[in-house]
Amino acid sequence: MLTALERRRPLRRVREVKWRHVSRNIVFGGAAAATVNLLERPVVEPLARMVQRRRFGLLYVRRLPPPLHLILAVVLLDYTLYVWHVLTHRVPWLWRFHLVHHVDRDLDASTAFRFHAGELALSIPWRAMQIAVIGVPPDALHVWQNIVLLSILFHHSNVELPIGVERLLTRFVVTPRLHGIHHSSVPEETDSNWSSGLTVWDYLHGTLRLDVRQEDITIGVAAYPAPADVTLANSFALPFTAQAST
Ligand SMILES: [Zn+2]
């Protein structure tokens, strides 16, 4: 649906051949899905069940009504994902992997799949910590996983929403224009809009940025501007090669 809308109402000018860009990102998505299913799921699913059984973690300190426990768990998972996102930019060996997501020269719904399998593998200890510290039961974990997937597909999409609608939405959730600024090749603009679901975290940390026109944004990383930088082979190898200064 988003891809159809991107065709009818594109937000930013497209630089790459669409089918090549999308099919490349779907390959990334395949490797990412395999990593999540083979490595992450066997860790986080039993952990969430154990957390629930033993009433472990922050939210189990008091007995909360289950719906409230679920909502708080989802909100705190969203906040700790904000922190993880900042870390993937700030910690050099994490940035090596997150860079693969950012070098994409067009930003569209398929970019939501473009995560290096290594980044997802490295996020497993963080995810385990989120679940154990917050006290996330399996149902809350599954609700959050679905919300995050939908949110990531939506805010990476290259769909032009009516400006009034988007202005209203940015008060609550991350939107395509907002996340476009995070994918700008200007470092000061990349260092903003870190939220993945609710925008409240950027508001609280003073990292929300709205004052960049989409027409002025070049998507990507300045040190990796060439079409050759985003090919499958080069992108998979990127974390393991000498890094250009970003
Ligand atoms: Zn990022």
# chains A, B, ... in the order shown; residues from 1 in each chain; ligands from 1
call {"tool": "residues_near_ligand", "arguments": {"ligand": "ligand 1", "cutoff": "9 Å", "atoms": "only C-alpha atoms and all ligand atoms", "output": "PyMOL selection string"}}
result
chain A and resi 85-86+88-89+95+98-99+101-102+179+182-183+190-191+193-194
call {"tool": "select_by_dssp", "arguments": {"residues": "range 109-228 of chain A", "states": "alpha helix (DSSP H)", "output": "CSV table (one decimal) with all heavy atoms, in the first residue's frame"}}
result
chain,number,residue,atom,x,y,z
A,117,ALA,N,22.3,-7.6,9.0
A,117,ALA,CA,22.0,-8.7,9.9
A,117,ALA,C,22.9,-8.5,11.2
A,117,ALA,O,22.4,-8.8,12.3
A,117,ALA,CB,22.3,-10.0,9.2
A,118,GLY,N,24.1,-8.0,11.0
A,118,GLY,CA,25.0,-7.8,12.2
A,118,GLY,C,24.4,-6.8,13.2
A,118,GLY,O,24.5,-7.0,14.4
A,119,GLU,N,23.7,-5.8,12.7
A,119,GLU,CA,23.1,-4.8,13.6
A,119,GLU,C,22.0,-5.4,14.4
A,119,GLU,O,21.9,-5.2,15.6
A,119,GLU,CB,22.6,-3.6,12.8
A,119,GLU,CG,21.9,-2.6,13.8
A,119,GLU,CD,21.4,-1.3,13.1
A,119,GLU,OE1,21.6,-1.1,11.9
A,119,GLU,OE2,20.6,-0.6,13.8
A,120,LEU,N,21.3,-6.3,13.8
A,120,LEU,CA,20.2,-7.0,14.5
A,120,LEU,C,20.7,-8.0,15.5
A,120,LEU,O,20.2,-8.1,16.6
A,120,LEU,CB,19.2,-7.6,13.5
A,120,LEU,CG,18.5,-6.6,12.6
A,120,LEU,CD1,17.9,-7.2,11.3
A,120,LEU,CD2,17.4,-5.9,13.4
A,121,ALA,N,21.8,-8.7,15.1
A,121,ALA,CA,22.4,-9.6,16.0
A,121,ALA,C,23.0,-8.9,17.2
A,121,ALA,O,22.8,-9.3,18.4
A,121,ALA,CB,23.5,-10.4,15.3
A,122,LEU,N,23.6,-7.7,17.0
A,122,LEU,CA,24.2,-6.9,18.1
A,122,LEU,C,23.1,-6.3,19.0
A,122,LEU,O,23.4,-6.0,20.1
A,122,LEU,CB,25.1,-5.8,17.5
A,122,LEU,CG,26.4,-6.2,16.9
A,122,LEU,CD1,27.0,-5.1,16.1
A,122,LEU,CD2,27.4,-6.7,18.0
A,124,ILE,N,20.6,-7.9,20.1
A,124,ILE,CA,19.9,-8.9,21.0
A,124,ILE,C,20.2,-8.7,22.5
A,124,ILE,O,19.3,-8.7,23.3
A,124,ILE,CB,20.3,-10.4,20.5
A,124,ILE,CG1,19.7,-10.6,19.1
A,124,ILE,CG2,19.7,-11.4,21.4
A,124,ILE,CD1,20.2,-11.8,18.4
A,125,PRO,N,21.5,-8.5,22.9
A,125,PRO,CA,21.7,-8.3,24.3
A,125,PRO,C,20.9,-7.0,24.8
A,125,PRO,O,20.4,-7.1,26.0
A,125,PRO,CB,23.2,-8.0,24.4
A,125,PRO,CG,23.8,-8.7,23.2
A,125,PRO,CD,22.7,-8.5,22.1
A,126,TRP,N,20.8,-6.0,24.0
A,126,TRP,CA,20.1,-4.8,24.4
A,126,TRP,C,18.6,-5.1,24.6
A,126,TRP,O,18.0,-4.8,25.5
A,126,TRP,CB,20.3,-3.7,23.4
A,126,TRP,CG,19.6,-2.4,23.8
A,126,TRP,CD1,18.3,-2.0,23.4
A,126,TRP,CD2,20.1,-1.4,24.6
A,126,TRP,NE1,18.0,-0.8,23.9
A,126,TRP,CE2,19.1,-0.4,24.7
A,126,TRP,CE3,21.3,-1.3,25.4
A,126,TRP,CZ2,19.3,0.8,25.5
A,126,TRP,CZ3,21.4,-0.1,26.1
A,126,TRP,CH2,20.4,0.9,26.2
A,127,ARG,N,18.1,-5.9,23.6
A,127,ARG,CA,16.6,-6.3,23.7
A,127,ARG,C,16.4,-7.1,24.9
A,127,ARG,O,15.4,-6.9,25.6
A,127,ARG,CB,16.3,-7.1,22.4
A,127,ARG,CG,14.8,-7.4,22.2
A,127,ARG,CD,14.0,-6.2,21.6
A,127,ARG,NE,14.4,-6.0,20.2
A,127,ARG,CZ,15.1,-4.9,19.8
A,127,ARG,NH1,15.5,-4.0,20.6
A,127,ARG,NH2,15.4,-4.8,18.5
A,128,ALA,N,17.3,-8.0,25.2
A,128,ALA,CA,17.1,-8.9,26.4
A,128,ALA,C,17.1,-8.0,27.7
A,128,ALA,O,16.3,-8.2,28.6
A,128,ALA,CB,18.3,-9.9,26.5
A,129,MET,N,18.0,-7.0,27.7
A,129,MET,CA,18.1,-6.1,28.8
A,129,MET,C,16.8,-5.3,28.9
A,129,MET,O,16.2,-5.1,30.1
A,129,MET,CB,19.2,-5.1,28.6
A,129,MET,CG,20.0,-4.8,29.9
A,129,MET,SD,21.7,-4.3,29.5
A,129,MET,CE,21.4,-2.8,28.7
A,130,GLN,N,16.2,-4.8,27.8
A,130,GLN,CA,15.0,-4.1,27.8
A,130,GLN,C,13.9,-4.9,28.5
A,130,GLN,O,13.2,-4.5,29.4
A,130,GLN,CB,14.5,-3.8,26.4
A,130,GLN,CG,15.3,-2.7,25.7
A,130,GLN,CD,14.8,-2.6,24.2
A,130,GLN,OE1,15.0,-3.4,23.4
A,130,GLN,NE2,14.1,-1.5,23.9
A,131,ILE,N,13.8,-6.2,28.1
A,131,ILE,CA,12.7,-7.1,28.6
A,131,ILE,C,12.9,-7.4,30.1
A,131,ILE,O,12.0,-7.3,30.9
A,131,ILE,CB,12.7,-8.4,27.8
A,131,ILE,CG1,12.3,-8.1,26.3
A,131,ILE,CG2,11.8,-9.5,28.4
A,131,ILE,CD1,12.6,-9.2,25.3
A,132,ALA,N,14.1,-7.6,30.5
A,132,ALA,CA,14.4,-8.0,31.9
A,132,ALA,C,14.3,-6.8,32.8
A,132,ALA,O,13.7,-6.9,33.9
A,132,ALA,CB,15.8,-8.6,32.0
A,133,VAL,N,14.8,-5.7,32.4
A,133,VAL,CA,14.8,-4.5,33.3
A,133,VAL,C,13.4,-3.9,33.4
A,133,VAL,O,12.9,-3.6,34.5
A,133,VAL,CB,15.8,-3.4,32.8
A,133,VAL,CG1,15.7,-2.1,33.6
A,133,VAL,CG2,17.2,-3.9,32.9
A,134,ILE,N,12.7,-3.8,32.3
A,134,ILE,CA,11.4,-3.2,32.3
A,134,ILE,C,10.3,-4.2,32.9
A,134,ILE,O,9.4,-3.8,33.6
A,134,ILE,CB,10.9,-2.8,30.8
A,134,ILE,CG1,11.8,-1.7,30.3
A,134,ILE,CG2,9.5,-2.3,30.8
A,134,ILE,CD1,11.7,-1.4,28.8
A,138,PRO,N,5.2,-11.6,27.4
A,138,PRO,CA,5.2,-11.9,26.0
A,138,PRO,C,4.1,-11.1,25.2
A,138,PRO,O,4.4,-10.6,24.1
A,138,PRO,CB,4.8,-13.4,25.9
A,138,PRO,CG,5.3,-13.9,27.2
A,138,PRO,CD,5.2,-12.8,28.2
A,139,ASP,N,2.9,-10.9,25.8
A,139,ASP,CA,1.9,-10.2,25.0
A,139,ASP,C,2.3,-8.7,24.7
A,139,ASP,O,2.1,-8.2,23.6
A,139,ASP,CB,0.5,-10.2,25.7
A,139,ASP,CG,0.5,-9.7,27.1
A,139,ASP,OD1,1.6,-9.5,27.7
A,139,ASP,OD2,-0.6,-9.5,27.7
A,140,ALA,N,3.0,-8.1,25.7
A,140,ALA,CA,3.4,-6.7,25.5
A,140,ALA,C,4.5,-6.7,24.4
A,140,ALA,O,4.6,-5.8,23.6
A,140,ALA,CB,3.9,-6.1,26.8
A,141,LEU,N,5.4,-7.7,24.5
A,141,LEU,CA,6.5,-7.8,23.5
A,141,LEU,C,5.9,-7.9,22.1
A,141,LEU,O,6.4,-7.2,21.2
A,141,LEU,CB,7.4,-9.0,23.8
A,141,LEU,CG,8.6,-9.2,22.9
A,141,LEU,CD1,9.6,-8.0,23.0
A,141,LEU,CD2,9.3,-10.5,23.2
A,142,HIS,N,4.9,-8.7,21.9
A,142,HIS,CA,4.3,-8.9,20.6
A,142,HIS,C,3.6,-7.7,20.1
A,142,HIS,O,3.7,-7.3,18.9
A,142,HIS,CB,3.4,-10.1,20.6
A,142,HIS,CG,4.1,-11.4,21.0
A,142,HIS,ND1,3.5,-12.4,21.7
A,142,HIS,CD2,5.4,-11.8,20.8
A,142,HIS,CE1,4.4,-13.4,21.9
A,142,HIS,NE2,5.6,-13.0,21.4
A,143,VAL,N,2.9,-7.0,21.0
A,143,VAL,CA,2.2,-5.8,20.6
A,143,VAL,C,3.2,-4.7,20.1
A,143,VAL,O,3.1,-4.1,19.1
A,143,VAL,CB,1.3,-5.2,21.8
A,143,VAL,CG1,0.9,-3.8,21.5
A,143,VAL,CG2,0.1,-6.1,22.0
A,144,TRP,N,4.3,-4.6,20.9
A,144,TRP,CA,5.3,-3.6,20.6
A,144,TRP,C,6.0,-4.0,19.3
A,144,TRP,O,6.2,-3.1,18.4
A,144,TRP,CB,6.4,-3.6,21.7
A,144,TRP,CG,7.5,-2.6,21.4
A,144,TRP,CD1,7.5,-1.3,21.3
A,144,TRP,CD2,8.9,-3.1,21.1
A,144,TRP,NE1,8.8,-0.8,21.0
A,144,TRP,CE2,9.6,-1.9,20.9
A,144,TRP,CE3,9.5,-4.3,21.0
A,144,TRP,CZ2,11.0,-1.9,20.5
A,144,TRP,CZ3,10.9,-4.3,20.7
A,144,TRP,CH2,11.6,-3.1,20.4
A,145,GLN,N,6.3,-5.2,19.1
A,145,GLN,CA,7.0,-5.6,17.8
A,145,GLN,C,6.2,-5.3,16.6
A,145,GLN,O,6.7,-4.8,15.6
A,145,GLN,CB,7.3,-7.2,17.8
A,145,GLN,CG,8.5,-7.5,18.7
A,145,GLN,CD,8.6,-9.0,18.9
A,145,GLN,OE1,7.6,-9.7,18.9
A,145,GLN,NE2,9.8,-9.5,19.2
A,146,ASN,N,4.8,-5.5,16.7
A,146,ASN,CA,3.9,-5.2,15.6
A,146,ASN,C,3.8,-3.7,15.4
A,146,ASN,O,3.9,-3.2,14.2
A,146,ASN,CB,2.6,-5.8,15.8
A,146,ASN,CG,2.6,-7.3,15.6
A,146,ASN,OD1,3.1,-7.8,14.6
A,146,ASN,ND2,2.0,-8.0,16.5
A,147,ILE,N,3.7,-2.9,16.5
A,147,ILE,CA,3.6,-1.4,16.4
A,147,ILE,C,4.9,-0.9,15.7
A,147,ILE,O,4.8,0.0,14.8
A,147,ILE,CB,3.4,-0.8,17.7
A,147,ILE,CG1,2.0,-1.2,18.2
A,147,ILE,CG2,3.5,0.7,17.7
A,147,ILE,CD1,1.6,-0.7,19.6
A,148,VAL,N,6.0,-1.4,16.2
A,148,VAL,CA,7.3,-0.9,15.7
A,148,VAL,C,7.5,-1.1,14.2
A,148,VAL,O,7.9,-0.3,13.5
A,148,VAL,CB,8.5,-1.5,16.5
A,148,VAL,CG1,9.7,-1.7,15.7
A,148,VAL,CG2,8.8,-0.5,17.7
A,149,LEU,N,7.1,-2.3,13.8
A,149,LEU,CA,7.2,-2.7,12.4
A,149,LEU,C,6.4,-1.8,11.5
A,149,LEU,O,6.8,-1.2,10.5
A,149,LEU,CB,6.8,-4.2,12.2
A,149,LEU,CG,6.9,-4.6,10.7
A,149,LEU,CD1,8.4,-4.6,10.2
A,149,LEU,CD2,6.5,-6.1,10.6
A,150,LEU,N,5.1,-1.5,11.9
A,150,LEU,CA,4.2,-0.7,11.2
A,150,LEU,C,4.8,0.8,11.2
A,150,LEU,O,4.8,1.5,10.2
A,150,LEU,CB,2.8,-0.7,11.8
A,150,LEU,CG,2.0,-1.9,11.5
A,150,LEU,CD1,0.7,-1.9,12.2
A,150,LEU,CD2,1.8,-2.1,10.0
A,151,SER,N,5.2,1.2,12.3
A,151,SER,CA,5.7,2.6,12.5
A,151,SER,C,7.0,2.8,11.6
A,151,SER,O,7.1,3.8,10.9
A,151,SER,CB,6.1,2.9,13.9
A,151,SER,OG,6.7,4.1,14.0
A,152,ILE,N,7.9,1.8,11.6
A,152,ILE,CA,9.1,1.9,10.8
A,152,ILE,C,8.8,1.9,9.3
A,152,ILE,O,9.4,2.7,8.5
A,152,ILE,CB,10.1,0.8,11.2
A,152,ILE,CG1,10.7,1.1,12.6
A,152,ILE,CG2,11.3,0.7,10.2
A,152,ILE,CD1,11.6,0.1,13.1
A,153,LEU,N,7.8,1.1,8.9
A,153,LEU,CA,7.4,1.1,7.5
A,153,LEU,C,6.9,2.5,7.1
A,153,LEU,O,7.2,3.0,6.1
A,153,LEU,CB,6.4,0.0,7.2
A,153,LEU,CG,6.9,-1.4,7.1
A,153,LEU,CD1,5.8,-2.4,7.2
A,153,LEU,CD2,7.6,-1.6,5.7
A,154,PHE,N,6.0,3.0,8.0
A,154,PHE,CA,5.3,4.3,7.7
A,154,PHE,C,6.3,5.4,7.7
A,154,PHE,O,6.4,6.2,6.7
A,154,PHE,CB,4.3,4.5,8.8
A,154,PHE,CG,3.7,5.9,8.8
A,154,PHE,CD1,3.0,6.4,7.7
A,154,PHE,CD2,3.9,6.8,9.8
A,154,PHE,CE1,2.5,7.7,7.6
A,154,PHE,CE2,3.4,8.1,9.8
A,154,PHE,CZ,2.7,8.5,8.7
A,155,HIS,N,7.2,5.6,8.7
A,155,HIS,CA,8.0,6.8,8.7
A,155,HIS,C,9.2,6.8,7.7
A,155,HIS,O,9.8,7.8,7.5
A,155,HIS,CB,8.4,7.2,10.1
A,155,HIS,CG,9.3,6.3,10.9
A,155,HIS,ND1,9.0,5.8,12.1
A,155,HIS,CD2,10.6,5.9,10.6
A,155,HIS,CE1,10.0,5.0,12.5
A,155,HIS,NE2,11.0,5.1,11.7
A,156,HIS,N,9.5,5.6,7.2
A,156,HIS,CA,10.6,5.5,6.1
A,156,HIS,C,10.0,5.8,4.8
A,156,HIS,O,10.7,6.1,3.8
A,156,HIS,CB,11.3,4.2,6.1
A,156,HIS,CG,12.3,4.1,7.2
A,156,HIS,ND1,12.0,3.5,8.4
A,156,HIS,CD2,13.6,4.5,7.3
A,156,HIS,CE1,13.1,3.5,9.2
A,156,HIS,NE2,14.1,4.1,8.6
A,163,ILE,N,0.2,18.6,4.6
A,163,ILE,CA,1.1,19.1,5.6
A,163,ILE,C,0.3,19.3,6.9
A,163,ILE,O,0.9,19.1,8.0
A,163,ILE,CB,1.7,20.5,5.1
A,163,ILE,CG1,2.8,21.0,6.1
A,163,ILE,CG2,0.7,21.6,4.9
A,163,ILE,CD1,4.0,20.2,6.1
A,164,GLY,N,-1.0,19.6,6.9
A,164,GLY,CA,-1.7,19.8,8.1
A,164,GLY,C,-1.8,18.5,8.9
A,164,GLY,O,-1.7,18.5,10.1
A,165,VAL,N,-2.0,17.4,8.2
A,165,VAL,CA,-2.2,16.1,8.8
A,165,VAL,C,-0.8,15.7,9.4
A,165,VAL,O,-0.7,15.3,10.6
A,165,VAL,CB,-2.5,15.0,7.7
A,165,VAL,CG1,-2.5,13.6,8.3
A,165,VAL,CG2,-3.9,15.3,7.2
A,166,GLU,N,0.3,16.0,8.7
A,166,GLU,CA,1.6,15.6,9.2
A,166,GLU,C,2.0,16.5,10.4
A,166,GLU,O,2.5,16.0,11.4
A,166,GLU,CB,2.6,15.8,8.1
A,166,GLU,CG,4.0,15.2,8.6
A,166,GLU,CD,4.8,14.5,7.5
A,166,GLU,OE1,4.2,14.3,6.4
A,166,GLU,OE2,5.9,14.1,7.8
A,167,ARG,N,1.6,17.8,10.4
A,167,ARG,CA,1.9,18.7,11.6
A,167,ARG,C,1.2,18.1,12.8
A,167,ARG,O,1.8,18.1,13.9
A,167,ARG,CB,1.4,20.1,11.3
A,167,ARG,CG,2.3,20.8,10.4
A,167,ARG,CD,2.3,22.3,10.7
A,167,ARG,NE,3.3,23.0,9.8
A,167,ARG,CZ,2.9,23.7,8.7
A,167,ARG,NH1,1.7,24.0,8.4
A,167,ARG,NH2,3.9,24.3,8.0
A,168,LEU,N,0.0,17.6,12.6
A,168,LEU,CA,-0.8,17.1,13.8
A,168,LEU,C,-0.1,15.8,14.3
A,168,LEU,O,0.1,15.6,15.4
A,168,LEU,CB,-2.2,16.9,13.4
A,168,LEU,CG,-3.1,16.3,14.4
A,168,LEU,CD1,-3.4,17.4,15.5
A,168,LEU,CD2,-4.5,15.9,13.9
A,169,LEU,N,0.2,14.9,13.3
A,169,LEU,CA,0.8,13.6,13.6
A,169,LEU,C,2.1,13.7,14.4
A,169,LEU,O,2.4,13.0,15.3
A,169,LEU,CB,1.0,12.8,12.4
A,169,LEU,CG,-0.3,12.1,11.8
A,169,LEU,CD1,0.1,11.4,10.5
A,169,LEU,CD2,-0.9,11.1,12.7
A,176,PRO,N,6.9,10.6,8.0
A,176,PRO,CA,7.9,10.6,6.9
A,176,PRO,C,8.8,11.8,6.8
A,176,PRO,O,10.0,11.7,6.6
A,176,PRO,CB,7.1,10.4,5.6
A,176,PRO,CG,5.9,9.7,6.1
A,176,PRO,CD,5.6,10.2,7.5
A,177,ARG,N,8.2,13.0,6.9
A,177,ARG,CA,9.1,14.2,6.8
A,177,ARG,C,10.1,14.3,8.0
A,177,ARG,O,11.2,14.6,7.8
A,177,ARG,CB,8.2,15.5,6.8
A,177,ARG,CG,7.5,15.8,5.5
A,177,ARG,CD,6.7,17.1,5.6
A,177,ARG,NE,6.1,17.5,4.4
A,177,ARG,CZ,4.8,17.1,4.0
A,177,ARG,NH1,4.1,16.3,4.8
A,177,ARG,NH2,4.3,17.5,2.9
A,178,LEU,N,9.6,13.9,9.2
A,178,LEU,CA,10.4,14.0,10.4
A,178,LEU,C,11.6,13.0,10.2
A,178,LEU,O,12.8,13.4,10.5
A,178,LEU,CB,9.6,13.5,11.6
A,178,LEU,CG,9.9,14.1,12.9
A,178,LEU,CD1,9.7,15.6,13.0
A,178,LEU,CD2,9.0,13.4,14.0
A,179,HIS,N,11.4,11.8,9.8
A,179,HIS,CA,12.4,10.8,9.7
A,179,HIS,C,13.3,11.1,8.5
A,179,HIS,O,14.5,10.7,8.5
A,179,HIS,CB,11.9,9.4,9.6
A,179,HIS,CG,12.9,8.4,10.1
A,179,HIS,ND1,13.4,8.3,11.3
A,179,HIS,CD2,13.6,7.4,9.3
A,179,HIS,CE1,14.3,7.3,11.4
A,179,HIS,NE2,14.4,6.8,10.2
A,180,GLY,N,12.8,11.8,7.5
A,180,GLY,CA,13.6,12.2,6.3
A,180,GLY,C,14.7,13.1,6.8
A,180,GLY,O,15.9,13.0,6.3
A,181,ILE,N,14.5,14.0,7.8
A,181,ILE,CA,15.5,14.9,8.3
A,181,ILE,C,16.6,14.0,9.0
A,181,ILE,O,17.8,14.3,8.8
A,181,ILE,CB,14.9,15.9,9.3
A,181,ILE,CG1,13.9,16.8,8.5
A,181,ILE,CG2,16.0,16.7,10.0
A,181,ILE,CD1,13.1,17.7,9.4
A,182,HIS,N,16.2,12.9,9.7
A,182,HIS,CA,17.2,12.1,10.3
A,182,HIS,C,18.1,11.4,9.3
A,182,HIS,O,19.3,11.1,9.5
A,182,HIS,CB,16.6,11.0,11.2
A,182,HIS,CG,17.5,10.1,11.8
A,182,HIS,ND1,18.4,10.4,12.8
A,182,HIS,CD2,17.7,8.7,11.6
A,182,HIS,CE1,19.2,9.4,13.1
A,182,HIS,NE2,18.8,8.3,12.4
A,187,PRO,N,25.3,16.1,8.8
A,187,PRO,CA,25.4,15.5,10.1
A,187,PRO,C,24.6,16.1,11.2
A,187,PRO,O,24.0,15.4,12.0
A,187,PRO,CB,26.9,15.6,10.5
A,187,PRO,CG,27.6,15.7,9.2
A,187,PRO,CD,26.7,16.4,8.3
A,188,GLU,N,24.5,17.5,11.2
A,188,GLU,CA,23.7,18.2,12.3
A,188,GLU,C,22.2,17.8,12.1
A,188,GLU,O,21.4,17.8,13.1
A,188,GLU,CB,23.8,19.7,12.2
A,188,GLU,CG,25.2,20.2,12.5
A,188,GLU,CD,26.2,20.0,11.3
A,188,GLU,OE1,25.7,20.1,10.1
A,188,GLU,OE2,27.3,19.7,11.6
A,189,GLU,N,21.8,17.5,10.9
A,189,GLU,CA,20.4,17.1,10.7
A,189,GLU,C,20.2,15.6,11.1
A,189,GLU,O,19.1,15.2,11.6
A,189,GLU,CB,19.9,17.4,9.3
A,189,GLU,CG,19.9,18.9,9.0
A,189,GLU,CD,19.8,19.3,7.6
A,189,GLU,OE1,19.6,18.4,6.7
A,189,GLU,OE2,19.9,20.5,7.3
A,190,THR,N,21.2,14.8,10.8
A,190,THR,CA,21.1,13.4,11.2
A,190,THR,C,21.0,13.2,12.7
A,190,THR,O,20.3,12.3,13.2
A,190,THR,CB,22.4,12.6,10.7
A,190,THR,OG1,22.6,12.9,9.3
A,190,THR,CG2,22.3,11.1,10.9
A,200,VAL,N,7.5,11.9,21.7
A,200,VAL,CA,7.7,12.5,23.0
A,200,VAL,C,9.2,12.4,23.4
A,200,VAL,O,9.7,13.3,24.1
A,200,VAL,CB,6.8,11.8,24.0
A,200,VAL,CG1,7.0,10.4,24.2
A,200,VAL,CG2,6.8,12.6,25.4
A,201,TRP,N,9.9,11.4,23.0
A,201,TRP,CA,11.3,11.2,23.5
A,201,TRP,C,12.2,12.3,22.9
A,201,TRP,O,13.1,12.8,23.5
A,201,TRP,CB,11.8,9.8,23.1
A,201,TRP,CG,10.8,8.8,23.4
A,201,TRP,CD1,10.3,7.9,22.6
A,201,TRP,CD2,10.1,8.5,24.7
A,201,TRP,NE1,9.3,7.1,23.2
A,201,TRP,CE2,9.2,7.4,24.5
A,201,TRP,CE3,10.2,9.1,26.0
A,201,TRP,CZ2,8.4,6.9,25.5
A,201,TRP,CZ3,9.4,8.6,27.0
A,201,TRP,CH2,8.5,7.5,26.7
A,202,ASP,N,11.9,12.6,21.6
A,202,ASP,CA,12.7,13.7,21.0
A,202,ASP,C,12.3,15.1,21.6
A,202,ASP,O,13.2,15.9,21.8
A,202,ASP,CB,12.5,13.8,19.5
A,202,ASP,CG,13.4,12.8,18.7
A,202,ASP,OD1,14.6,12.9,19.0
A,202,ASP,OD2,12.9,12.0,18.0
A,203,TYR,N,11.0,15.2,22.0
A,203,TYR,CA,10.6,16.5,22.6
A,203,TYR,C,11.3,16.6,24.0
A,203,TYR,O,11.9,17.6,24.3
A,203,TYR,CB,9.1,16.5,22.9
A,203,TYR,CG,8.3,16.9,21.7
A,203,TYR,CD1,7.5,16.0,21.0
A,203,TYR,CD2,8.3,18.2,21.2
A,203,TYR,CE1,6.7,16.4,19.9
A,203,TYR,CE2,7.5,18.6,20.1
A,203,TYR,CZ,6.8,17.7,19.4
A,203,TYR,OH,6.0,18.1,18.3
A,204,LEU,N,11.3,15.5,24.8
A,204,LEU,CA,11.9,15.5,26.1
A,204,LEU,C,13.4,15.8,26.1
A,204,LEU,O,14.0,16.5,26.9
A,204,LEU,CB,11.6,14.2,26.8
A,204,LEU,CG,10.2,14.0,27.3
A,204,LEU,CD1,10.0,12.6,27.9
A,204,LEU,CD2,9.8,15.1,28.3
A,205,HIS,N,14.1,15.2,25.1
A,205,HIS,CA,15.6,15.4,25.0
A,205,HIS,C,16.0,16.6,24.2
A,205,HIS,O,17.2,16.8,24.0
A,205,HIS,CB,16.2,14.1,24.4
A,205,HIS,CG,16.2,12.9,25.3
A,205,HIS,ND1,17.2,12.8,26.3
A,205,HIS,CD2,15.3,11.9,25.5
A,205,HIS,CE1,16.9,11.7,27.0
A,205,HIS,NE2,15.8,11.1,26.5
call {"tool": "atom_distance", "arguments": {"atom1": "CA of Val136 in chain A", "atom2": "CA of Thr80 in chain A"}}
result
12.3 Å
call {"tool": "residues_around", "arguments": {"residues": "Leu107 in chain A", "least_positions_apart": "3", "cutoff": "9 Å", "atoms": "only C-alpha atoms", "output": "ChimeraX atom specification"}}
result
/A:12,14,104,110-112,156-158,180,183,219-220
call {"tool": "write_last_selection", "arguments": {"atoms": "N, CA and C atoms", "output": "PDB file, in the first residue's frame"}}
result
ATOM      1  N   ARG A  12       9.824  13.016  -1.749  1.00  0.00           N
ATOM      2  CA  ARG A  12      11.153  13.474  -2.194  1.00  0.00           C
ATOM      3  C   ARG A  12      11.447  12.919  -3.579  1.00  0.00           C
ATOM      4  N   VAL A  14      13.222  10.901  -6.385  1.00  0.00           N
ATOM      5  CA  VAL A  14      13.857   9.576  -6.307  1.00  0.00           C
ATOM      6  C   VAL A  14      15.114   9.578  -7.169  1.00  0.00           C
ATOM      7  N   ASP A 104      21.641   4.291   2.259  1.00  0.00           N
ATOM      8  CA  ASP A 104      20.608   4.216   1.216  1.00  0.00           C
ATOM      9  C   ASP A 104      20.418   5.608   0.606  1.00  0.00           C
ATOM     10  N   SER A 110      10.840   0.529   1.647  1.00  0.00           N
ATOM     11  CA  SER A 110      11.757  -0.616   1.599  1.00  0.00           C
ATOM     12  C   SER A 110      13.006  -0.380   2.464  1.00  0.00           C
ATOM     13  N   THR A 111      13.336   0.893   2.737  1.00  0.00           N
ATOM     14  CA  THR A 111      14.495   1.183   3.603  1.00  0.00           C
ATOM     15  C   THR A 111      14.249   0.636   5.011  1.00  0.00           C
ATOM     16  N   ALA A 112      12.977   0.448   5.354  1.00  0.00           N
ATOM     17  CA  ALA A 112      12.633  -0.122   6.663  1.00  0.00           C
ATOM     18  C   ALA A 112      13.196  -1.538   6.813  1.00  0.00           C
ATOM     19  N   HIS A 156       9.542   5.567   7.203  1.00  0.00           N
ATOM     20  CA  HIS A 156      10.566   5.540   6.146  1.00  0.00           C
ATOM     21  C   HIS A 156       9.952   5.804   4.769  1.00  0.00           C
ATOM     22  N   SER A 157       8.638   5.717   4.665  1.00  0.00           N
ATOM     23  CA  SER A 157       8.011   5.788   3.334  1.00  0.00           C
ATOM     24  C   SER A 157       8.161   7.173   2.705  1.00  0.00           C
ATOM     25  N   ASN A 158       8.157   7.155   1.380  1.00  0.00           N
ATOM     26  CA  ASN A 158       8.327   8.402   0.617  1.00  0.00           C
ATOM     27  C   ASN A 158       6.951   8.897   0.160  1.00  0.00           C
ATOM     28  N   GLY A 180      12.782  11.789   7.474  1.00  0.00           N
ATOM     29  CA  GLY A 180      13.598  12.221   6.334  1.00  0.00           C
ATOM     30  C   GLY A 180      14.746  13.112   6.791  1.00  0.00           C
ATOM     31  N   HIS A 183      17.571  11.163   8.066  1.00  0.00           N
ATOM     32  CA  HIS A 183      18.338  10.500   7.002  1.00  0.00           C
ATOM     33  C   HIS A 183      19.062  11.482   6.102  1.00  0.00           C
ATOM     34  N   ILE A 219      19.315  12.635   0.754  1.00  0.00           N
ATOM     35  CA  ILE A 219      19.258  11.426   1.588  1.00  0.00           C
ATOM     36  C   ILE A 219      20.584  10.675   1.467  1.00  0.00           C
ATOM     37  N   GLY A 220      21.089  10.185   2.596  1.00  0.00           N
ATOM     38  CA  GLY A 220      22.307   9.367   2.549  1.00  0.00           C
ATOM     39  C   GLY A 220      23.368   9.860   3.522  1.00  0.00           C
TER      40      GLY A 220
END
call {"tool": "closest_residue", "arguments": {"among": "A:Thr246, A:Thr175, A:Ser123, A:Ser235", "to": "Leu87 in chain A", "atoms": "only C-alpha atoms"}}
result
A:Ser123
